[in-house]
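S.K.: The structure follows.
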Amino acid sequence: MGVLAELFAGTHAEALARADVLESGAVPPPAPHLELTTVTPVDLEVLGEIAARAVQFGVGDLEIAEIDLEHESLFRLPPFLCEVLTELGRSEDPETLGEVAEQWAASEEMGVPGEDLTHVVQGVVDLVTEAGEAGQDVYLWVEAV
């Protein structure tokens, strides 16, 4: 079984409304987002662990949790995870992001060693950074397919 996922920025109310639209199968209104496949909350937590080590950011809450009982497919990224990913985008070493992507691809959770996930990691970093600058949270909506 695979997953279809969307990472997006918004407020709590916007996230609930977008989840309703996504769950209905309709096209949601424009918003900063990134469509992902085969990425689950656990996968993003692992990305956060790898990124935190790479940028020497310390430790904090990486657990991506459900935000509403009526929306079991909707999760919010914790602030620490967003900070780590934003810091990854600011790394002075241009190879750090690629190294993180390589380690993430080879992780047990992702299980795609050798696959280039640099564009996915860059997209996640860009979205999280944009959301932070706009004062928004980042949400993950996941649907099993």
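The chains in the structure tokens are called A, B, ... from first to last as shown; in each chain the residues are counted from 1, and the ligands are counted from 1 in the order shown.
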Give me the residues near range 121-127 of chain A as number ranges by chain, where near means some atom within 7 Å (using only C-alpha atoms) and where sequence neighbours in that chain fewer than 6 positions away do not count.
M.R.: A: 32-34, 85-86, 89, 101
S.K.: Write out as a ChimeraX atom specification all residues of chain A that backbone DSSP assigns to strand (DSSP E or B).
M.R.: /A:3-10,33-37,65-66,74-76,137-144
S.K.: Selection from above, C-alpha atoms, as a PDB file, in the first residue's frame, can you write it?
M.R.:
ATOM      1  CA  VAL A   3       0.516   6.910   0.285  1.00  0.00           C
ATOM      2  CA  LEU A   4      -0.348  10.197  -1.294  1.00  0.00           C
ATOM      3  CA  ALA A   5       0.709  13.163   0.794  1.00  0.00           C
ATOM      4  CA  GLU A   6       0.660  16.921   0.700  1.00  0.00           C
ATOM      5  CA  LEU A   7       2.790  19.191   2.824  1.00  0.00           C
ATOM      6  CA  PHE A   8       1.346  22.685   3.098  1.00  0.00           C
ATOM      7  CA  ALA A   9       1.534  25.930   5.034  1.00  0.00           C
ATOM      8  CA  GLY A  10      -1.361  27.677   6.727  1.00  0.00           C
ATOM      9  CA  HIS A  33       2.278  23.256  -0.798  1.00  0.00           C
ATOM     10  CA  LEU A  34       4.357  20.305  -1.935  1.00  0.00           C
ATOM     11  CA  GLU A  35       2.835  17.102  -3.259  1.00  0.00           C
ATOM     12  CA  LEU A  36       4.683  14.030  -2.062  1.00  0.00           C
ATOM     13  CA  THR A  37       4.391  10.302  -2.577  1.00  0.00           C
ATOM     14  CA  ALA A  65       1.088  14.526  15.638  1.00  0.00           C
ATOM     15  CA  GLU A  66      -2.552  14.481  14.578  1.00  0.00           C
ATOM     16  CA  LEU A  74      -3.923  15.606   9.066  1.00  0.00           C
ATOM     17  CA  PHE A  75      -0.744  16.255  11.028  1.00  0.00           C
ATOM     18  CA  ARG A  76       1.190  19.340  12.131  1.00  0.00           C
ATOM     19  CA  ASP A 137       2.488  26.357  10.601  1.00  0.00           C
ATOM     20  CA  VAL A 138       3.286  23.416   8.335  1.00  0.00           C
ATOM     21  CA  TYR A 139       0.869  20.522   7.975  1.00  0.00           C
ATOM     22  CA  LEU A 140       1.022  17.102   6.390  1.00  0.00           C
ATOM     23  CA  TRP A 141      -2.042  15.442   4.937  1.00  0.00           C
ATOM     24  CA  VAL A 142      -1.645  11.750   4.143  1.00  0.00           C
ATOM     25  CA  GLU A 143      -3.968   9.343   2.366  1.00  0.00           C
ATOM     26  CA  ALA A 144      -3.363   5.627   1.916  1.00  0.00           C
TER      27      ALA A 144
END
S.K.: Could you please determine the separation between CA of Leu62 in chain A and CA of Trp104 in chain A in Å, to one decimal place?
M.R.: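 These two atoms are separated by 15.0 Å.
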S.K.: Tell me, as a PyMOL selection string, which residues lie within 10 Å of Ala105 in chain A, counting only C-alpha atoms; anything in the same chain fewer than 2 positions away does not count.
M.R.: chain A and resi 43+47+99-103+107-118
S.K.: Write the residues of the selection above to a file with C-alpha atoms, as a short mmCIF file (atom, residue, chain, number, x, y, z; two decimals), in the first residue's frame.
M.R.:
data_model
loop_
_atom_site.label_atom_id
_atom_site.label_comp_id
_atom_site.auth_asym_id
_atom_site.auth_seq_id
_atom_site.Cartn_x
_atom_site.Cartn_y
_atom_site.Cartn_z
CA ASP A 43 9.60 9.61 7.26
CA LEU A 47 14.47 13.51 7.99
CA GLU A 99 24.23 14.59 2.22
CA VAL A 100 21.07 14.75 4.33
CA ALA A 101 19.00 13.67 1.31
CA GLU A 102 21.36 10.75 0.68
CA GLN A 103 21.18 9.58 4.30
CA SER A 107 17.31 5.15 6.00
CA GLU A 108 15.38 2.05 6.96
CA GLU A 109 12.11 4.02 6.81
CA MET A 110 12.60 5.33 3.27
CA GLY A 111 14.44 2.28 1.97
CA VAL A 112 15.49 3.77 -1.38
CA PRO A 113 19.31 3.90 -1.15
CA GLY A 114 20.87 5.52 -4.17
CA GLU A 115 17.71 7.42 -5.08
CA ASP A 116 18.27 11.17 -5.31
CA LEU A 117 15.89 12.85 -2.89
CA THR A 118 17.71 16.18 -2.95
#
S.K.: Determine, counting only C-alpha atoms, which protein, DNA and RNA residues have an atom within 12 Å of an atom of Phe80 in chain A; residues of the same chain fewer than 5 positions away are not included. Present the result as a PyMOL selection string.
M.R.: chain A and resi 45+48-49+51-52+57-64+85-87+128+132+137-138
S.K.: Please produce a file of those selected residues containing N, CA and C atoms, as a compact mmCIF listing (two decimals), in the first residue's frame.
M.R.:
# COMPACT_ATOMS: atom_id res chain seq x y z
N GLU A 45 9.90 12.67 10.33
CA GLU A 45 10.60 12.68 11.62
C GLU A 45 12.04 12.20 11.45
N GLY A 48 14.06 14.86 9.96
CA GLY A 48 14.41 15.82 11.00
C GLY A 48 15.58 15.36 11.85
N GLU A 49 15.60 14.07 12.21
CA GLU A 49 16.72 13.53 13.00
C GLU A 49 18.03 13.67 12.25
N ALA A 51 18.71 15.71 9.71
CA ALA A 51 19.02 17.13 9.51
C ALA A 51 19.56 17.75 10.80
N ALA A 52 18.98 17.41 11.95
CA ALA A 52 19.44 17.97 13.23
C ALA A 52 20.89 17.59 13.49
N PHE A 57 22.07 20.89 15.51
CA PHE A 57 21.03 21.75 16.06
C PHE A 57 20.55 21.30 17.43
N GLY A 58 21.04 20.19 17.92
CA GLY A 58 20.59 19.73 19.23
C GLY A 58 19.42 18.77 19.12
N VAL A 59 18.67 18.67 20.20
CA VAL A 59 17.53 17.76 20.23
C VAL A 59 16.26 18.50 20.63
N GLY A 60 15.16 17.98 20.18
CA GLY A 60 13.87 18.57 20.49
C GLY A 60 12.77 17.68 19.97
N ASP A 61 11.55 18.16 20.01
CA ASP A 61 10.38 17.40 19.60
C ASP A 61 10.31 17.30 18.08
N LEU A 62 10.43 16.08 17.57
CA LEU A 62 10.31 15.84 16.13
C LEU A 62 9.02 15.09 15.79
N GLU A 63 8.23 14.74 16.81
CA GLU A 63 7.05 13.91 16.58
C GLU A 63 5.95 14.71 15.88
N ILE A 64 5.55 14.21 14.75
CA ILE A 64 4.48 14.83 13.97
C ILE A 64 3.18 14.21 14.45
N LEU A 85 14.75 22.16 9.87
CA LEU A 85 14.72 22.17 8.41
C LEU A 85 15.06 23.54 7.84
N THR A 86 14.62 24.59 8.51
CA THR A 86 14.99 25.94 8.09
C THR A 86 16.50 26.14 8.22
N GLU A 87 17.05 25.66 9.31
CA GLU A 87 18.50 25.76 9.52
C GLU A 87 19.26 24.97 8.46
N VAL A 128 8.94 24.93 4.38
CA VAL A 128 9.01 25.20 5.82
C VAL A 128 9.57 26.60 6.09
N GLY A 132 7.54 29.68 7.85
CA GLY A 132 8.08 30.36 9.02
C GLY A 132 8.14 31.86 8.83
N ASP A 137 2.06 27.70 10.24
CA ASP A 137 2.49 26.36 10.60
C ASP A 137 2.57 25.52 9.33
N VAL A 138 3.18 24.34 9.46
CA VAL A 138 3.29 23.42 8.33
C VAL A 138 2.53 22.14 8.70
S.K.: Excluding Ala54 in chain A and residues on its chain fewer than 4 positions from it, collect all residues at most 8 Å away from it, counting only C-alpha atoms, and give them as a PyMOL selection string.
M.R.: chain A and resi 50+88+96+100
S.K.: Apply DSSP to the backbone of this structure and, from range 40-92 of chain A, keep only the residues in helix (DSSP H, G or I); write these as a list in words.
M.R.: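 Here is the list: Pro41, Val42, Asp43, Leu44, Glu45, Val46, Leu47, Gly48, Glu49, Ile50, Ala51, Ala52, Arg53, Ala54, Pro79, Phe80, Leu81, Cys82, Glu83, Val84, Leu85, Thr86, Glu87, Leu88 and Gly89 of chain A.
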S.K.: Could you work out how far CA of Val84 in chain A lies from CA of Asp68 in chain A, giving the answer in Å with one decimal?
M.R.: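 It comes out at 24.5 Å.
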S.K.: Given only C-alpha atoms as the basis, pick out the residue of A:Leu44, A:Ala26, A:Leu97, A:Ala13 nearest to Leu77 in chain A.
M.R.: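 The shortest atom-to-atom distance to Leu77 in chain A comes from A:Leu44.
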